[in-house]
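**Q** Pasting run19.txt below, which is compact mmCIF, C-alpha atoms.
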# COMPACT_ATOMS: atom_id res chain seq x y z
CA MET A 257 45.06 -1.94 -2.09
CA ARG A 258 43.22 0.88 -3.84
CA LYS A 259 41.78 0.15 -7.27
CA ARG A 260 43.94 2.59 -9.20
CA THR A 261 47.05 1.45 -7.34
CA GLN A 262 46.25 -2.12 -8.32
CA SER A 263 45.62 -1.00 -11.91
CA ARG A 264 49.02 0.71 -12.06
CA GLU A 265 50.74 -2.37 -10.73
CA LEU A 266 49.07 -4.54 -13.37
CA ALA A 267 49.88 -1.99 -16.11
CA MET A 268 53.54 -2.01 -15.05
CA GLN A 269 53.55 -5.82 -15.16
CA LEU A 270 52.02 -5.79 -18.64
CA LEU A 271 54.61 -3.26 -19.82
CA TYR A 272 57.33 -5.46 -18.34
CA LEU A 273 55.98 -8.44 -20.29
CA ILE A 274 56.02 -6.43 -23.52
CA SER A 275 59.61 -5.32 -22.81
CA VAL A 276 60.95 -8.81 -22.27
CA THR A 277 58.95 -10.64 -24.95
CA HIS A 278 59.01 -7.83 -27.55
CA ASP A 279 55.42 -8.79 -28.41
CA ASP A 280 52.99 -6.29 -29.84
CA PHE A 281 50.47 -4.84 -27.41
CA ALA A 282 47.42 -6.96 -28.34
CA PRO A 283 49.00 -10.43 -28.11
CA ALA A 284 50.94 -9.46 -24.98
CA MET A 285 47.74 -8.23 -23.35
CA GLU A 286 45.91 -11.47 -24.24
CA ASN A 287 48.72 -13.59 -22.81
CA PHE A 288 48.94 -11.41 -19.71
CA TRP A 289 45.25 -11.64 -18.89
CA HIS A 290 45.17 -15.33 -19.71
CA GLU A 291 47.98 -15.95 -17.22
CA ASN A 292 46.44 -13.60 -14.63
CA GLU A 293 43.04 -15.23 -14.77
CA ARG A 294 41.02 -12.42 -16.27
CA GLY A 295 37.91 -13.30 -14.24
CA LEU A 296 39.61 -12.70 -10.91
CA VAL A 297 40.53 -9.10 -11.66
CA PRO A 298 37.55 -6.73 -11.42
CA LYS A 299 36.60 -5.18 -14.77
CA GLU A 300 37.22 -1.60 -13.60
CA ILE A 301 40.76 -2.42 -12.49
CA ARG A 302 41.52 -4.39 -15.67
CA GLU A 303 40.18 -1.63 -17.93
CA PHE A 304 42.21 1.14 -16.26
CA SER A 305 45.40 -0.96 -16.34
CA VAL A 306 44.92 -1.66 -20.05
CA GLU A 307 44.17 2.02 -20.70
CA LEU A 308 47.43 3.02 -19.00
CA ALA A 309 49.56 0.34 -20.68
CA ARG A 310 48.08 1.14 -24.10
CA GLY A 311 48.72 4.85 -23.56
CA VAL A 312 52.35 4.14 -22.72
CA THR A 313 52.89 1.92 -25.77
CA GLU A 314 51.19 4.41 -28.11
CA ASN A 315 53.35 7.27 -26.82
CA MET A 316 56.56 5.33 -26.13
CA GLU A 317 58.84 7.41 -28.35
CA ALA A 318 57.82 10.74 -26.79
CA ILE A 319 57.95 9.26 -23.30
CA ASP A 320 61.42 7.76 -23.79
CA CYS A 321 62.71 11.05 -25.24
CA LYS A 322 61.45 12.92 -22.18
CA ILE A 323 62.98 10.36 -19.80
CA ALA A 324 66.32 10.50 -21.66
CA GLU A 325 66.27 14.30 -21.46
CA PHE A 326 66.31 14.20 -17.64
CA ALA A 327 68.05 10.91 -16.88
CA LEU A 328 71.57 12.18 -17.32
CA ASN A 329 73.95 9.48 -18.52
CA TRP A 330 71.10 6.97 -18.71
CA GLU A 331 69.42 5.96 -21.93
CA PRO A 332 66.08 4.24 -21.23
CA GLU A 333 67.33 1.05 -22.93
CA ARG A 334 70.17 0.79 -20.38
CA MET A 335 67.93 1.13 -17.32
CA ALA A 336 66.67 -1.85 -15.38
CA VAL A 337 63.53 -3.11 -17.12
CA ILE A 338 61.37 -2.56 -14.03
CA ASP A 339 62.65 0.98 -13.46
CA ARG A 340 62.25 1.87 -17.12
CA ASN A 341 58.64 0.71 -17.17
CA ILE A 342 57.76 2.44 -13.91
CA LEU A 343 59.21 5.64 -15.36
CA ARG A 344 57.30 5.15 -18.60
CA LEU A 345 54.03 4.58 -16.80
CA ALA A 346 54.36 7.60 -14.53
CA SER A 347 55.68 9.78 -17.37
CA TYR A 348 52.64 8.87 -19.44
CA GLU A 349 50.43 10.00 -16.58
CA LEU A 350 52.40 13.23 -16.14
CA LEU A 351 52.55 14.11 -19.82
CA PHE A 352 49.29 12.79 -21.27
CA ARG A 353 46.80 12.45 -18.41
CA PRO A 354 45.84 15.86 -17.01
CA ASP A 355 43.07 14.11 -15.05
CA ILE A 356 45.71 12.49 -12.81
CA PRO A 357 47.43 14.84 -10.34
CA PRO A 358 51.22 14.84 -10.79
CA LYS A 359 51.76 14.17 -7.09
CA VAL A 360 49.65 11.00 -7.34
CA ALA A 361 51.50 9.73 -10.42
CA ILE A 362 54.88 10.31 -8.78
CA ASN A 363 53.94 8.83 -5.40
CA GLU A 364 52.46 5.72 -7.03
CA ALA A 365 55.64 5.28 -9.12
CA ILE A 366 57.84 5.60 -6.04
CA GLU A 367 55.80 2.91 -4.27
CA LEU A 368 56.06 0.61 -7.29
CA ALA A 369 59.83 1.13 -7.37
CA LYS A 370 60.13 0.34 -3.66
CA LYS A 371 58.04 -2.81 -4.05
CA TYR A 372 59.58 -4.16 -7.25
CA SER A 373 63.06 -2.67 -7.39
CA GLY A 374 64.34 -1.14 -4.15
CA GLN A 375 65.02 2.03 -2.22
CA GLU A 376 67.73 3.33 -4.55
CA SER A 377 65.46 2.83 -7.55
CA ALA A 378 62.71 4.73 -5.74
CA LYS A 379 65.08 7.69 -5.35
CA PHE A 380 66.14 7.43 -9.01
CA VAL A 381 62.50 7.32 -10.18
CA ASN A 382 61.53 10.23 -7.93
CA GLY A 383 64.40 12.39 -9.18
CA ILE A 384 63.57 11.90 -12.84
CA LEU A 385 59.81 12.25 -12.47
CA ASP A 386 60.19 15.41 -10.42
CA LYS A 387 61.96 16.96 -13.43
CA ILE A 388 59.40 15.64 -15.92
CA LYS A 389 56.31 16.79 -14.06
CA PRO A 390 54.58 19.84 -15.50
CA GLN A 391 55.61 23.02 -13.75
CA GLU A 392 52.80 24.73 -11.90
Would you mind writing the file out in structure tokens?
**A**
Amino acid sequence: MRKRTQSRELAMQLLYLISVTHDDFAPAMENFWHENERGLVPKEIREFSVELARGVTENMEAIDCKIAEFALNWEPERMAVIDRNILRLASYELLFRPDIPPKVAINEAIELAKKYSGQESAKFVNGILDKIKPQE
């Protein structure tokens, strides 16, 4: 698995933990890395995953507003926790990370949805992110 792909997967898992525990970012991150044996994850992968998860949590309100704008009849709070956090992660990349190509952010999100949620979720994620992505 590529390093950034692995980082995104870990970031999504950290965001999931925050969603279900309602912990603040710092204690959730400490618990997450403690449980995931910090020493086994290469520093570069860990740092990028934390950077992504922190970016999502710091921009959550704007991200959720953008998701709600395009997810007709779906408020982010009503979505499956996995789908919601995959959308948040990819939306953060689309909206706040011009260094990451939109196609990469969307494709990585689709793969996460397929792996953790299912084919229908992958279609749902793709449809919303395609609307969120910056127009060229």
**Q** Could you check which of A:Ile274, A:Ile384, A:Met285, A:Ala327 is closest to Ser305 (chain A), using only C-alpha atoms?
**A** A:Met285
**Q** Using all atoms listed in the file, which of A:Ala361, A:Ala369, A:Ile388, A:Ala267 sits nearest Ile301 (chain A)?
**A**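 Result for the nearest residue to Ile301 (chain A): A:Ala267.
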**Q** Between CA of Asp279 (chain A) and CA of Ser347 (chain A), what is the spacing in Å?
**A**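 It comes out at 21.6 Å.
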**Q** How many Å separate CA of Leu271 (chain A) from CA of Asp386 (chain A)?
**A** 21.6 Å
**Q** Would you kindly return, as a PyMOL selection string, each protein, DNA or RNA residue with an atom no farther than 8 Å from any atom of Ile319 (chain A), considering all atoms listed in the file and excluding same-chain residues fewer than 5 positions away?
**A** chain A and resi 312+344+347-348
**Q** Could you name the residues that touch Met316 (chain A) at 12 Å or less, counting all atoms listed in the file, but leaving out those on the same chain fewer than 2 positions away, as a list in words?
**A** Leu271, Ser275, Phe281, Leu308, Ala309, Arg310, Gly311, Val312, Thr313, Glu314, Ala318, Ile319, Asp320, Cys321, Lys322, Ile323, Ala324, Pro332, Arg340, Asn341, Leu343, Arg344, Leu345, Ser347, Tyr348, Leu351 and Phe352 of chain A
**Q** Please identify all polymer residues within 9 Å of Ala284 (chain A), counting all atoms listed in the file, omitting same-chain residues fewer than 4 positions from it, and present them as a list in words.
**A**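 Selected residues are Leu270, Leu271, Leu273, Ile274, Thr277, His278, Asp279, Asp280, Phe288 and Trp289 of chain A.
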**Q** Between A:Phe326, A:Val276, A:Met257, A:Glu331, which one has atoms that come closest to Gly383 (chain A), using all atoms listed in the file?
**A**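 Closest to Gly383 (chain A), using all atoms listed in the file: A:Phe326.
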**Q** Could you check the closest approach to Lys379 (chain A) for each of A:Glu325, A:Arg353, A:Asp339, A:Ala282 and tell me which residue wins, using all atoms listed in the file?
**A**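 Of A:Glu325, A:Arg353, A:Asp339, A:Ala282, the one nearest Lys379 (chain A), counting all atoms listed in the file, is A:Asp339.
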**Q** Please list as a ChimeraX atom specification every residue within 10 Å of Pro390 (chain A), counting only C-alpha atoms and excluding residues in the same chain fewer than 6 positions away.
**A** /A:350-351,354,358
**Q** So which one's closest to Glu364 (chain A), A:Thr261, A:Gln391, A:Asn382, A:Asn292? Using all atoms listed in the file, please.
**A** A:Thr261
**Q** Looking at only C-alpha atoms, which of A:Leu368, A:Leu266, A:Leu328, A:Ile338 is the one that sits closest to Pro298 (chain A)?
**A**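 So, comparing all the options, the nearest one is A:Leu266.
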**Q** In Å, with one decimal, what is the gap from CA of Ala365 (chain A) to CA of Ile342 (chain A)?
**A** 6.0 Å
